[in-house]
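K.L.:
Just so it is clear, I am handing over run.pdb, which has PDB, C-alpha atoms and all ligand atoms.
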ATOM      1  CA  MET A   1      -4.157  12.702  23.676
ATOM      2  CA  ASN A   2      -0.807  10.970  23.543
ATOM      3  CA  ILE A   3       0.041   9.959  19.985
ATOM      4  CA  LYS A   4       3.151   8.100  18.799
ATOM      5  CA  ILE A   5       4.241   8.005  15.187
ATOM      6  CA  LEU A   6       6.226   4.896  14.348
ATOM      7  CA  SER A   7       8.735   6.028  11.763
ATOM      8  CA  ARG A   8      12.411   5.435  11.152
ATOM      9  CA  ASN A   9      13.018   8.995  10.003
ATOM     10  CA  PRO A  10      11.522  12.122  11.624
ATOM     11  CA  ASN A  11      12.591  14.212   8.617
ATOM     12  CA  LEU A  12      10.382  12.474   6.067
ATOM     13  CA  TYR A  13       7.594  14.607   4.654
ATOM     14  CA  SER A  14       4.829  12.274   5.883
ATOM     15  CA  THR A  15       6.256  12.040   9.396
ATOM     16  CA  LYS A  16       6.731  15.806   9.681
ATOM     17  CA  ARG A  17       3.215  16.524   8.446
ATOM     18  CA  LEU A  18       1.649  14.084  10.925
ATOM     19  CA  VAL A  19       3.591  15.654  13.814
ATOM     20  CA  GLU A  20       2.479  19.102  12.687
ATOM     21  CA  ALA A  21      -1.182  18.076  12.360
ATOM     22  CA  ALA A  22      -1.190  16.390  15.782
ATOM     23  CA  LYS A  23       0.360  19.454  17.457
ATOM     24  CA  LYS A  24      -2.086  21.785  15.746
ATOM     25  CA  ARG A  25      -4.915  19.804  17.321
ATOM     26  CA  LYS A  26      -3.243  20.042  20.752
ATOM     27  CA  HIS A  27      -2.045  16.468  21.133
ATOM     28  CA  ASP A  28       1.211  15.235  22.653
ATOM     29  CA  VAL A  29       3.091  13.633  19.826
ATOM     30  CA  GLN A  30       6.383  11.772  19.593
ATOM     31  CA  VAL A  31       8.204  10.018  16.762
ATOM     32  CA  ILE A  32       9.421   6.551  17.729
ATOM     33  CA  ASP A  33      11.842   4.452  15.671
ATOM     34  CA  PRO A  34      10.202   1.009  15.698
ATOM     35  CA  LEU A  35      13.548  -0.717  15.188
ATOM     36  CA  LYS A  36      14.848   0.760  18.460
ATOM     37  CA  CYS A  37      11.968  -0.679  20.494
ATOM     38  CA  ASP A  38      12.527  -3.718  22.731
ATOM     39  CA  LEU A  39       9.325  -5.628  23.245
ATOM     40  CA  VAL A  40       8.971  -6.886  26.799
ATOM     41  CA  ILE A  41       6.597  -9.804  27.109
ATOM     42  CA  GLU A  42       5.530 -11.383  30.399
ATOM     43  CA  LYS A  43       2.331 -12.330  32.175
ATOM     44  CA  ARG A  44      -0.258  -9.550  31.813
ATOM     45  CA  ASN A  45       2.183  -6.730  31.477
ATOM     46  CA  PRO A  46       3.130  -6.091  27.853
ATOM     47  CA  ASN A  47       5.609  -3.268  27.582
ATOM     48  CA  ILE A  48       8.016  -1.497  25.279
ATOM     49  CA  TYR A  49      11.484  -0.393  26.286
ATOM     50  CA  TYR A  50      12.752   2.535  24.215
ATOM     51  CA  LYS A  51      15.984   4.486  24.677
ATOM     52  CA  GLY A  52      16.374   3.517  28.337
ATOM     53  CA  GLU A  53      12.746   3.953  29.412
ATOM     54  CA  TYR A  54       9.415   2.200  29.319
ATOM     55  CA  ILE A  55       6.841   3.733  27.025
ATOM     56  CA  LEU A  56       3.781   4.663  29.060
ATOM     57  CA  ASP A  57       0.269   5.926  28.387
ATOM     58  CA  THR A  58       0.019   5.813  24.632
ATOM     59  CA  ASP A  59      -3.512   6.487  23.373
ATOM     60  CA  ALA A  60      -2.843   5.958  19.695
ATOM     61  CA  ILE A  61      -0.123   5.087  17.218
ATOM     62  CA  ILE A  62       0.317   5.910  13.545
ATOM     63  CA  PRO A  63       2.514   3.202  12.000
ATOM     64  CA  ARG A  64       4.649   4.261   9.018
ATOM     65  CA  ILE A  65       6.300   0.918   8.428
ATOM     66  CA  GLY A  66       8.508   0.514   5.359
ATOM     67  CA  ALA A  67       8.306  -2.670   3.297
ATOM     68  CA  SER A  68      11.833  -3.695   4.309
ATOM     69  CA  VAL A  69      10.979  -3.799   8.032
ATOM     70  CA  THR A  70       7.509  -5.338   7.923
ATOM     71  CA  PHE A  71       8.280  -8.197  10.334
ATOM     72  CA  TYR A  72       9.805  -6.173  13.155
ATOM     73  CA  GLY A  73       7.565  -3.168  12.577
ATOM     74  CA  THR A  74       4.435  -5.284  12.808
ATOM     75  CA  ALA A  75       5.612  -6.871  16.043
ATOM     76  CA  VAL A  76       5.963  -3.374  17.520
ATOM     77  CA  VAL A  77       2.495  -2.345  16.300
ATOM     78  CA  ARG A  78       1.045  -5.526  17.841
ATOM     79  CA  GLN A  79       2.754  -4.794  21.153
ATOM     80  CA  PHE A  80       1.209  -1.298  21.260
ATOM     81  CA  GLU A  81      -2.165  -2.906  20.531
ATOM     82  CA  MET A  82      -1.634  -5.329  23.439
ATOM     83  CA  MET A  83      -0.918  -2.300  25.621
ATOM     84  CA  GLY A  84      -4.328  -0.901  24.686
ATOM     85  CA  ALA A  85      -3.294   1.751  22.153
ATOM     86  CA  PHE A  86      -5.427   2.437  19.085
ATOM     87  CA  SER A  87      -3.545   1.908  15.829
ATOM     88  CA  THR A  88      -4.513   3.647  12.582
ATOM     89  CA  ILE A  89      -3.364   0.418  10.921
ATOM     90  CA  ASP A  90      -4.328  -2.847  12.529
ATOM     91  CA  SER A  91      -1.248  -5.098  12.775
ATOM     92  CA  GLU A  92      -2.960  -7.993  10.987
ATOM     93  CA  ALA A  93      -4.200  -5.774   8.176
ATOM     94  CA  LEU A  94      -0.649  -4.442   7.834
ATOM     95  CA  VAL A  95       0.790  -7.923   7.312
ATOM     96  CA  ARG A  96      -1.990  -8.878   4.910
ATOM     97  CA  SER A  97      -1.458  -5.761   2.790
ATOM     98  CA  ARG A  98       2.241  -6.520   2.290
ATOM     99  CA  ASP A  99       1.555  -9.697   0.332
ATOM    100  CA  LYS A 100       0.330  -8.857  -3.186
ATOM    101  CA  LEU A 101      -1.045 -12.350  -3.735
ATOM    102  CA  ARG A 102      -2.922 -12.576  -0.454
ATOM    103  CA  SER A 103      -4.308  -9.068  -1.017
ATOM    104  CA  LEU A 104      -5.634  -9.983  -4.459
ATOM    105  CA  GLN A 105      -7.259 -13.109  -3.009
ATOM    106  CA  VAL A 106      -9.009 -11.052  -0.328
ATOM    107  CA  LEU A 107     -10.121  -8.403  -2.850
ATOM    108  CA  SER A 108     -11.390 -11.051  -5.248
ATOM    109  CA  ARG A 109     -13.624 -12.577  -2.574
ATOM    110  CA  ALA A 110     -15.036  -9.102  -1.860
ATOM    111  CA  LYS A 111     -16.211  -8.931  -5.505
ATOM    112  CA  ILE A 112     -13.928  -6.063  -6.430
ATOM    113  CA  GLY A 113     -12.784  -5.505 -10.032
ATOM    114  CA  LEU A 114      -9.209  -6.735 -10.591
ATOM    115  CA  PRO A 115      -6.911  -7.379 -13.541
ATOM    116  CA  LYS A 116      -7.038 -11.129 -14.140
ATOM    117  CA  THR A 117      -4.052 -12.618 -12.310
ATOM    118  CA  VAL A 118      -2.401 -16.028 -12.201
ATOM    119  CA  PHE A 119      -0.024 -17.420  -9.608
ATOM    120  CA  THR A 120       1.618 -20.683 -10.461
ATOM    121  CA  ASN A 121       4.076 -23.042  -8.965
ATOM    122  CA  TYR A 122       4.208 -25.196 -12.088
ATOM    123  CA  SER A 123       6.650 -23.074 -14.043
ATOM    124  CA  ARG A 124       7.090 -25.432 -16.994
ATOM    125  CA  ASP A 125       3.660 -24.683 -18.407
ATOM    126  CA  VAL A 126       4.375 -21.046 -19.204
ATOM    127  CA  ASN A 127       2.127 -21.232 -22.283
ATOM    128  CA  GLY A 128      -0.882 -22.178 -20.180
ATOM    129  CA  VAL A 129      -0.313 -19.243 -17.840
ATOM    130  CA  ILE A 130       0.001 -16.814 -20.751
ATOM    131  CA  GLN A 131      -3.256 -18.128 -22.185
ATOM    132  CA  GLN A 132      -5.071 -17.707 -18.854
ATOM    133  CA  VAL A 133      -4.445 -13.945 -18.787
ATOM    134  CA  GLY A 134      -5.512 -13.481 -22.408
ATOM    135  CA  GLY A 135      -2.120 -13.666 -24.132
ATOM    136  CA  THR A 136       0.478 -10.930 -24.530
ATOM    137  CA  PRO A 137       1.231  -8.166 -23.756
ATOM    138  CA  LEU A 138       1.093  -9.121 -20.093
ATOM    139  CA  VAL A 139       2.511  -7.908 -16.806
ATOM    140  CA  ILE A 140       4.816  -9.936 -14.556
ATOM    141  CA  LYS A 141       5.251  -8.835 -10.936
ATOM    142  CA  LEU A 142       7.510  -9.895  -8.139
ATOM    143  CA  LEU A 143       5.315 -10.644  -5.123
ATOM    144  CA  GLU A 144       7.306  -8.422  -2.815
ATOM    145  CA  GLY A 145       8.085  -5.518  -5.157
ATOM    146  CA  THR A 146       7.358  -1.876  -4.395
ATOM    147  CA  GLN A 147       7.745   1.544  -6.022
ATOM    148  CA  GLY A 148       7.343  -0.091  -9.415
ATOM    149  CA  LEU A 149      10.495  -2.206  -9.071
ATOM    150  CA  GLY A 150       9.990  -5.813 -10.124
ATOM    151  CA  VAL A 151       7.055  -4.963 -12.400
ATOM    152  CA  VAL A 152       7.744  -5.972 -16.003
ATOM    153  CA  LEU A 153       5.737  -5.587 -19.211
ATOM    154  CA  ALA A 154       6.266  -8.500 -21.597
ATOM    155  CA  GLU A 155       5.147  -7.616 -25.117
ATOM    156  CA  THR A 156       5.571 -11.026 -26.729
ATOM    157  CA  LYS A 157       5.165 -14.655 -25.757
ATOM    158  CA  ASN A 158       8.908 -15.218 -26.009
ATOM    159  CA  ALA A 159       9.670 -12.232 -23.782
ATOM    160  CA  ALA A 160       7.056 -13.418 -21.256
ATOM    161  CA  LYS A 161       8.562 -16.894 -21.252
ATOM    162  CA  SER A 162      12.114 -15.739 -20.663
ATOM    163  CA  VAL A 163      11.140 -13.330 -17.880
ATOM    164  CA  ILE A 164       9.001 -15.922 -16.069
ATOM    165  CA  GLU A 165      11.755 -18.511 -16.457
ATOM    166  CA  ALA A 166      14.415 -16.064 -15.238
ATOM    167  CA  PHE A 167      12.424 -15.182 -12.109
ATOM    168  CA  ASN A 168      11.682 -18.850 -11.461
ATOM    169  CA  GLY A 169      15.369 -19.660 -11.835
ATOM    170  CA  LEU A 170      16.131 -17.121  -9.116
ATOM    171  CA  GLN A 171      13.481 -18.755  -6.892
ATOM    172  CA  ALA A 172      11.565 -15.462  -6.961
ATOM    173  CA  ARG A 173       7.791 -15.751  -6.731
ATOM    174  CA  VAL A 174       5.829 -13.857  -9.362
ATOM    175  CA  ILE A 175       2.259 -13.239 -10.437
ATOM    176  CA  VAL A 176       1.289 -12.935 -14.086
ATOM    177  CA  GLN A 177      -1.339 -10.356 -14.856
ATOM    178  CA  GLU A 178      -3.486  -9.244 -17.747
ATOM    179  CA  PHE A 179      -2.159  -5.939 -19.173
ATOM    180  CA  ILE A 180      -4.727  -3.135 -19.034
ATOM    181  CA  LYS A 181      -3.779  -1.099 -22.090
ATOM    182  CA  GLU A 182      -6.679   1.370 -21.782
ATOM    183  CA  ALA A 183      -4.998   2.757 -18.655
ATOM    184  CA  LYS A 184      -2.384   4.279 -21.023
ATOM    185  CA  GLY A 185       0.423   4.319 -18.466
ATOM    186  CA  ALA A 186      -1.680   6.032 -15.810
ATOM    187  CA  ASP A 187      -3.199   4.906 -12.537
ATOM    188  CA  ILE A 188      -5.252   6.540  -9.808
ATOM    189  CA  ARG A 189      -4.182   6.721  -6.179
ATOM    190  CA  VAL A 190      -7.173   7.089  -3.879
ATOM    191  CA  PHE A 191      -6.476   7.991  -0.267
ATOM    192  CA  VAL A 192      -9.114   6.492   2.008
ATOM    193  CA  VAL A 193      -9.396   7.361   5.699
ATOM    194  CA  ASP A 194     -12.058   5.812   7.906
ATOM    195  CA  GLY A 195     -14.185   4.694   4.969
ATOM    196  CA  HIS A 196     -14.127   8.086   3.203
ATOM    197  CA  VAL A 197     -12.137   9.315   0.227
ATOM    198  CA  VAL A 198     -10.001  12.230   1.432
ATOM    199  CA  GLY A 199      -8.054  12.784  -1.784
ATOM    200  CA  ALA A 200      -7.404  11.313  -5.210
ATOM    201  CA  MET A 201      -4.772  11.877  -7.860
ATOM    202  CA  LYS A 202      -4.041  10.552 -11.299
ATOM    203  CA  ARG A 203      -0.458   9.510 -11.880
ATOM    204  CA  GLN A 204       0.894   9.411 -15.410
ATOM    205  CA  GLY A 205       4.064   7.516 -16.235
ATOM    206  CA  LYS A 206       6.772   9.376 -18.084
ATOM    207  CA  GLU A 207       6.919   9.070 -21.881
ATOM    208  CA  GLY A 208       7.219   5.429 -23.000
ATOM    209  CA  GLU A 209       6.774   4.031 -19.455
ATOM    210  CA  PHE A 210       3.765   1.862 -18.538
ATOM    211  CA  ARG A 211       4.430   2.225 -14.816
ATOM    212  CA  SER A 212       2.941   5.385 -13.341
ATOM    213  CA  ASN A 213       4.875   5.319 -10.053
ATOM    214  CA  LEU A 214       6.193   8.714  -8.993
ATOM    215  CA  HIS A 215       9.431   6.917  -8.054
ATOM    216  CA  GLN A 216       9.772   5.949 -11.730
ATOM    217  CA  GLY A 217       9.467   9.534 -12.924
ATOM    218  CA  GLY A 218       5.663   9.752 -13.164
ATOM    219  CA  SER A 219       3.742  12.978 -12.553
ATOM    220  CA  ALA A 220       0.560  13.553 -10.564
ATOM    221  CA  GLU A 221      -2.513  15.734 -10.839
ATOM    222  CA  VAL A 222      -5.749  16.003  -8.886
ATOM    223  CA  ILE A 223      -8.708  14.057 -10.280
ATOM    224  CA  GLU A 224     -12.446  13.940  -9.689
ATOM    225  CA  LEU A 225     -13.457  10.290  -9.157
ATOM    226  CA  SER A 226     -16.500   8.706 -10.754
ATOM    227  CA  ASP A 227     -19.024   7.198  -8.316
ATOM    228  CA  GLU A 228     -17.937   3.751  -9.407
ATOM    229  CA  GLU A 229     -14.273   4.514  -8.704
ATOM    230  CA  GLU A 230     -15.065   5.986  -5.311
ATOM    231  CA  ILE A 231     -17.158   2.965  -4.310
ATOM    232  CA  ALA A 232     -14.471   0.526  -5.518
ATOM    233  CA  ALA A 233     -11.731   2.272  -3.505
ATOM    234  CA  ILE A 234     -13.804   2.378  -0.314
ATOM    235  CA  LYS A 235     -14.767  -1.256  -0.746
ATOM    236  CA  ALA A 236     -11.125  -2.259  -1.259
ATOM    237  CA  ALA A 237      -9.929  -0.452   1.894
ATOM    238  CA  LYS A 238     -12.767  -2.077   3.836
ATOM    239  CA  ALA A 239     -12.037  -5.574   2.497
ATOM    240  CA  MET A 240      -8.400  -5.145   3.581
ATOM    241  CA  ARG A 241      -9.643  -3.772   6.944
ATOM    242  CA  LEU A 242      -7.415  -0.715   6.624
ATOM    243  CA  GLY A 243      -8.516   2.512   8.336
ATOM    244  CA  VAL A 244      -5.901   4.419   6.348
ATOM    245  CA  ALA A 245      -5.219   3.165   2.845
ATOM    246  CA  GLY A 246      -3.697   4.208  -0.461
ATOM    247  CA  VAL A 247      -5.763   2.368  -3.043
ATOM    248  CA  ASP A 248      -4.271   2.118  -6.539
ATOM    249  CA  LEU A 249      -6.646   1.499  -9.408
ATOM    250  CA  LEU A 250      -6.611   1.410 -13.183
ATOM    251  CA  GLN A 251      -9.313   2.845 -15.437
ATOM    252  CA  SER A 252     -10.351   0.088 -17.839
ATOM    253  CA  SER A 253     -13.088  -0.463 -20.381
ATOM    254  CA  ARG A 254     -14.854  -2.671 -17.816
ATOM    255  CA  GLY A 255     -14.669  -0.114 -15.011
ATOM    256  CA  PRO A 256     -12.157   0.488 -12.221
ATOM    257  CA  LEU A 257      -9.722  -2.355 -11.505
ATOM    258  CA  ILE A 258      -7.892  -2.404  -8.192
ATOM    259  CA  LEU A 259      -4.128  -2.971  -8.434
ATOM    260  CA  GLU A 260      -3.193  -2.872  -4.788
ATOM    261  CA  VAL A 261      -3.978  -1.354  -1.419
ATOM    262  CA  ASN A 262      -1.048   0.280   0.375
ATOM    263  CA  SER A 263      -0.997   0.460   4.181
ATOM    264  CA  SER A 264       1.667   3.162   4.660
ATOM    265  CA  PRO A 265       0.822   5.464   1.744
ATOM    266  CA  GLY A 266       2.995   8.563   1.454
ATOM    267  CA  LEU A 267       1.441  11.987   2.057
ATOM    268  CA  GLU A 268       3.699  14.160  -0.066
ATOM    269  CA  GLY A 269       2.400  13.308  -3.553
ATOM    270  CA  ILE A 270      -1.257  13.338  -2.587
ATOM    271  CA  GLU A 271      -1.163  16.515  -0.433
ATOM    272  CA  LYS A 272       0.764  18.419  -3.103
ATOM    273  CA  ALA A 273      -1.476  17.251  -5.942
ATOM    274  CA  THR A 274      -4.769  17.866  -4.118
ATOM    275  CA  GLY A 275      -3.875  20.708  -1.759
ATOM    276  CA  LYS A 276      -5.749  18.822   0.975
ATOM    277  CA  ASP A 277      -4.703  18.441   4.600
ATOM    278  CA  ILE A 278      -4.637  14.651   4.697
ATOM    279  CA  ALA A 279      -2.506  14.507   7.851
ATOM    280  CA  ARG A 280      -5.355  16.274   9.672
ATOM    281  CA  SER A 281      -7.864  13.654   8.449
ATOM    282  CA  ILE A 282      -5.688  10.931   9.976
ATOM    283  CA  ILE A 283      -5.507  12.745  13.329
ATOM    284  CA  GLN A 284      -9.292  13.247  13.264
ATOM    285  CA  TYR A 285      -9.716   9.524  12.604
ATOM    286  CA  ILE A 286      -7.771   8.875  15.826
ATOM    287  CA  GLU A 287      -9.848  11.395  17.782
ATOM    288  CA  LYS A 288     -13.005   9.605  16.707
ATOM    289  CA  ASN A 289     -11.744   6.197  17.778
ATOM    290  CA  VAL A 290      -9.896   6.714  21.057
TER     291      VAL A 290
HETATM  292  N1  LIG A 301      -1.922  -5.108 -15.080
HETATM  293  C1  LIG A 301      -1.468  -3.885 -15.376
HETATM  294  N2  LIG A 301      -1.849  -3.250 -16.507
HETATM  295  C2  LIG A 301      -1.392  -2.004 -16.805
HETATM  296  N3  LIG A 301      -0.532  -1.305 -16.027
HETATM  297  C3  LIG A 301      -0.119  -1.871 -14.870
HETATM  298  C4  LIG A 301      -0.559  -3.184 -14.493
HETATM  299  N4  LIG A 301       0.014  -3.480 -13.300
HETATM  300  C5  LIG A 301       0.778  -2.428 -12.966
HETATM  301  N5  LIG A 301       0.712  -1.450 -13.884
HETATM  302  C6  LIG A 301       1.419  -0.155 -13.817
HETATM  303  O1  LIG A 301       2.627  -0.350 -13.102
HETATM  304  C7  LIG A 301       2.641   0.398 -11.888
HETATM  305  C8  LIG A 301       3.307  -0.393 -10.752
HETATM  306  O2  LIG A 301       2.563  -1.556 -10.446
HETATM  307  P1  LIG A 301       2.170  -1.949  -8.936
HETATM  308  O3  LIG A 301       1.453  -0.830  -8.279
HETATM  309  O4  LIG A 301       1.483  -3.241  -8.963
HETATM  310  O5  LIG A 301       3.631  -2.118  -8.342
HETATM  311  P2  LIG A 301       4.317  -1.678  -7.001
HETATM  312  O6  LIG A 301       5.748  -1.911  -7.260
HETATM  313  O7  LIG A 301       3.687  -2.384  -5.900
HETATM  314  O8  LIG A 301       4.075  -0.155  -6.775
HETATM  315  P3  LIG A 301       3.785   0.674  -5.418
HETATM  316  O9  LIG A 301       5.018   1.468  -5.168
HETATM  317  O10 LIG A 301       2.622   1.547  -5.790
HETATM  318  O11 LIG A 301       3.490  -0.242  -4.285
HETATM  319  C9  LIG A 301       1.172   0.718 -11.603
HETATM  320  O12 LIG A 301       1.033   1.884 -10.840
HETATM  321  C10 LIG A 301       0.604   0.846 -13.029
HETATM  322  O13 LIG A 301       0.826   2.142 -13.552
HETATM  323 MG    MG A 302       2.844  -1.951  -3.842
HETATM  324 MG    MG A 303       1.386   0.575  -6.935
END
Now, as a test, write the supplied structure out as structure tokens.
Ligand SMILES: Nc1ncnc2c1ncn2[C@@H]1O[C@H](COP(=O)(O)OP(=O)(O)OP(=O)(O)O)[C@@H](O)[C@H]1O
Ligand SMILES: [Mg+2]
Ligand SMILES: [Mg+2]
P.N.:
Amino acid sequence: MNIKILSRNPNLYSTKRLVEAAKKRKHDVQVIDPLKCDLVIEKRNPNIYYKGEYILDTDAIIPRIGASVTFYGTAVVRQFEMMGAFSTIDSEALVRSRDKLRSLQVLSRAKIGLPKTVFTNYSRDVNGVIQQVGGTPLVIKLLEGTQGLGVVLAETKNAAKSVIEAFNGLQARVIVQEFIKEAKGADIRVFVVDGHVVGAMKRQGKEGEFRSNLHQGGSAEVIELSDEEEIAAIKAAKAMRLGVAGVDLLQSSRGPLILEVNSSPGLEGIEKATGKDIARSIIQYIEKNV
């Protein structure tokens, strides 16, 4: 099979592992920088021009699209889809997953446990918003944040007010969320491929940090999921229509609560924590679908 990995950097752990797994299973594999693709659009003949040549005969693509290049990256994924290639991430699901608010709306309709969240345009009634999520402490998140940046814990009403007002003053859109204290600075990353859990790890924030992101100094260890957690993660990936998904959830006193569903989840943390060959699972998912 001819597989293309859409990635800006062939030296990243995830990209290297996917190349390795594809080769091991005897596929032709090539890393393509999505930002260097020209999309050629005309009647009935969608094409991609890359480094002086047209890209031909692609059976499948694995998009690894960073948050900063969502618009262009998605256009490239869509063009491959128009050319008949199978994508491990559907272009529409990719766009949907990049918007925290839209994702929460979709998950909520699918009856999935979530921290109670409020999005408001009426910024003067900060008190009302604080009340809606059960008072302080509460969490304030920038809609387009990633790697834990733009996620703030406000311990008091006054702190919450000033942070919300500061973000509003900068015209930045935020959601206000109930703080799940039982999670104790930890979350669970569940890697779902093709409707199955292929690995799960618990990430613990460093001392005094409520954010468990590895980019913020958190550490990871393998974890055995409860049935309820496994079902919630699979349901979340399905609701977001993602064939490959990194589902983040919090353990709360009312069961698992989904925080977000990532569409280009990294392989390094999860493969190292679990010792599993997750890159191979992704290649097998392609083999099943092409
Ligand atoms: N409502 C909450 N209650 C308790 N802890 C939370 C809450 N929301 C977020 N956290 C903690 O903060 C971390 C970062 O939050 P979140 O995953 O929403 O942000 P992100 O910037 O999108 O991160 P990512 O890089 O995973 O995309 C979570 O992994 C979790 O540990
Ligand atoms: Mg995120
Ligand atoms: Mg997260």
K.L.:
Residue by residue, what does the PyMOL selection byres (((chain A and resi 143-157) around 7) and not hetatm) grab here? Present the result as an MDAnalysis selection string.
P.N.:
chainID A and resid 99:101 136:142 158:161 173:175 211 213 215:216
K.L.:
Between CA of Gly135 (chain A) and CA of Gln105 (chain A), measure the distance and give it in Å to one decimal.
P.N.:
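Computing the Euclidean distance for CA of Gly135 (chain A) and CA of Gln105 (chain A) yields 21.7 Å.
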K.L.:
I would like the residues chosen by the PyMOL selection byres (((chain A and resi 63) around 10) and not hetatm) on the shown file; could you give them as a PyMOL selection string?
P.N.:
chain A and resi 4-7+15+32+34+60-62+64-66+73-74+76-77+87-91+94+263-264
K.L.:
Using the chain letters and numbers from the file, give me the residues hit by the PyMOL selection byres (((chain A and resi 49) around 6) and not hetatm), as an mmCIF file with C-alpha atoms, keeping the file's coordinate frame.
P.N.:
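Output contents, as saved in result27.cif:
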data_model
loop_
_atom_site.group_PDB
_atom_site.id
_atom_site.type_symbol
_atom_site.label_atom_id
_atom_site.label_comp_id
_atom_site.auth_asym_id
_atom_site.auth_seq_id
_atom_site.Cartn_x
_atom_site.Cartn_y
_atom_site.Cartn_z
ATOM 1 C CA CYS A 37 11.968 -0.679 20.494
ATOM 2 C CA ASP A 38 12.527 -3.718 22.731
ATOM 3 C CA ILE A 48 8.016 -1.497 25.279
ATOM 4 C CA TYR A 50 12.752 2.535 24.215
ATOM 5 C CA GLU A 53 12.746 3.953 29.412
ATOM 6 C CA TYR A 54 9.415 2.200 29.319
#
K.L.:
For ligand LIG 301 (chain A), which residue out of A:Ser226, A:Gln204, A:Gln171, A:Gln284 is the nearest one, using all atoms listed in the file?
P.N.:
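Among the listed residues, the smallest separation from ligand LIG 301 (chain A) belongs to A:Gln204.
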K.L.:
With only C-alpha atoms as the basis for distance, which of A:Lys116, A:Ser14, A:Ile55, A:Gly84 is at the shortest distance from Leu39 (chain A)?
P.N.:
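Closest candidate: A:Ile55.
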K.L.:
Around (-18.3, -4.4, -10.1), as given in the file, which residues come within 10 Å? Count only C-alpha atoms and list them as a list in words.
P.N.:
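Output: Lys111, Ile112, Gly113, Leu114, Glu228, Glu229, Ile231, Ala232, Arg254, Gly255, Pro256 and Leu257 of chain A.
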K.L.:
Using only C-alpha atoms and all ligand atoms, which of A:Thr58, A:Ser97, A:Ser108, A:Gln131 sits nearest ligand MG 303 (chain A)?
P.N.:
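Closest to ligand MG 303 (chain A) of all the choices is A:Ser97.
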K.L.:
Grab the CA of Arg25 (chain A) to CA of Ser281 (chain A) distance for me, in Å with one decimal place.
P.N.:
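Distance between the two atoms: 11.2 Å.
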K.L.:
Give me, please, the distance in Å between CA of Ala245 (chain A) and CA of Val190 (chain A), quoted to one decimal.
P.N.:
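Between CA of Ala245 (chain A) and CA of Val190 (chain A) the gap is 8.0 Å.
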K.L.:
Which residue gives the smallest distance to ligand MG 302 (chain A) among A:Asn121, A:Ser219, A:Thr274, A:Ser103, with only C-alpha atoms and all ligand atoms counted?
P.N.:
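Ranked by minimum distance to ligand MG 302 (chain A), first place goes to A:Ser103.
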K.L.:
Pick the closest to ligand MG 303 (chain A) from A:Glu207, A:Glu224, A:Asp187, A:Asp59: which is it, counting all atoms listed in the file?
P.N.:
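So, comparing all the options, the nearest one is A:Asp187.
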K.L.:
Which residues, written as a PyMOL selection string, have at least one atom at most 10 Å from Asp248 (chain A), with all atoms listed in the file counted and residues fewer than 4 positions away on the same chain left out?
P.N.:
chain A and resi 187-191+200-203+233+236+256-262
K.L.:
Using the file's own x, y and z axes, what box holds all listed atoms of region 94-105 of chain A with 6 Å on each side, keeping edges along x, y and z, and what are its centre and edge lengths in Å to one decimal, as AutoDock Vina command-line options?
P.N.:
--center_x -2.5 --center_y -8.8 --center_z 1.7 --size_x 21.5 --size_y 20.7 --size_z 24.3
K.L.:
Smallest atom-to-atom distance to ligand MG 303 (chain A): which of A:Ser252, A:Ser212, A:Ser68, A:Asn168, using all atoms listed in the file?
P.N.:
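Comparing A:Ser252, A:Ser212, A:Ser68, A:Asn168 against ligand MG 303 (chain A), the winner is A:Ser212.
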K.L.:
Tell me which residues come within 10 Å of (-1.4, 2.4, -22.6), as a ChimeraX atom specification, counting only C-alpha atoms in the file's coordinates.
P.N.:
/A:179-186,205,208-211
K.L.:
Just the residues within 9 Å of Glu230 (chain A), please, counting all atoms listed in the file, with nothing from its chain fewer than 4 positions along; format it as a ChimeraX atom specification.
P.N.:
/A:190,196-197,225-226,234-235
K.L.:
Since we have the selection now, will you write its residues out, keeping C-alpha atoms, as a compact mmCIF listing (two decimals), in the coordinates of the input?
P.N.:
# COMPACT_ATOMS: atom_id res chain seq x y z
CA VAL A 190 -7.17 7.09 -3.88
CA HIS A 196 -14.13 8.09 3.20
CA VAL A 197 -12.14 9.32 0.23
CA LEU A 225 -13.46 10.29 -9.16
CA SER A 226 -16.50 8.71 -10.75
CA ILE A 234 -13.80 2.38 -0.31
CA LYS A 235 -14.77 -1.26 -0.75
K.L.:
My structure is short of atoms at region 231-237 of chain A; please model N, CA and C atoms there, returning them as a PDB file, in the frame of the given file.
P.N.:
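Output below, filename selection_28.pdb:
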ATOM      1  N   ILE A 231     -16.610   4.138  -5.002  1.00  0.00           N
ATOM      2  CA  ILE A 231     -17.158   2.965  -4.310  1.00  0.00           C
ATOM      3  C   ILE A 231     -16.129   1.828  -4.297  1.00  0.00           C
ATOM      4  N   ALA A 232     -15.458   1.613  -5.430  1.00  0.00           N
ATOM      5  CA  ALA A 232     -14.471   0.526  -5.518  1.00  0.00           C
ATOM      6  C   ALA A 232     -13.338   0.741  -4.514  1.00  0.00           C
ATOM      7  N   ALA A 233     -12.855   1.979  -4.409  1.00  0.00           N
ATOM      8  CA  ALA A 233     -11.731   2.272  -3.505  1.00  0.00           C
ATOM      9  C   ALA A 233     -12.137   2.059  -2.052  1.00  0.00           C
ATOM     10  N   ILE A 234     -13.328   2.521  -1.697  1.00  0.00           N
ATOM     11  CA  ILE A 234     -13.804   2.378  -0.314  1.00  0.00           C
ATOM     12  C   ILE A 234     -13.989   0.898   0.027  1.00  0.00           C
ATOM     13  N   LYS A 235     -14.546   0.176  -0.938  1.00  0.00           N
ATOM     14  CA  LYS A 235     -14.767  -1.256  -0.746  1.00  0.00           C
ATOM     15  C   LYS A 235     -13.442  -2.003  -0.557  1.00  0.00           C
ATOM     16  N   ALA A 236     -12.433  -1.597  -1.335  1.00  0.00           N
ATOM     17  CA  ALA A 236     -11.125  -2.259  -1.259  1.00  0.00           C
ATOM     18  C   ALA A 236     -10.470  -2.011   0.103  1.00  0.00           C
ATOM     19  N   ALA A 237     -10.522  -0.763   0.591  1.00  0.00           N
ATOM     20  CA  ALA A 237      -9.929  -0.452   1.894  1.00  0.00           C
ATOM     21  C   ALA A 237     -10.645  -1.247   2.983  1.00  0.00           C
TER      22      ALA A 237
END
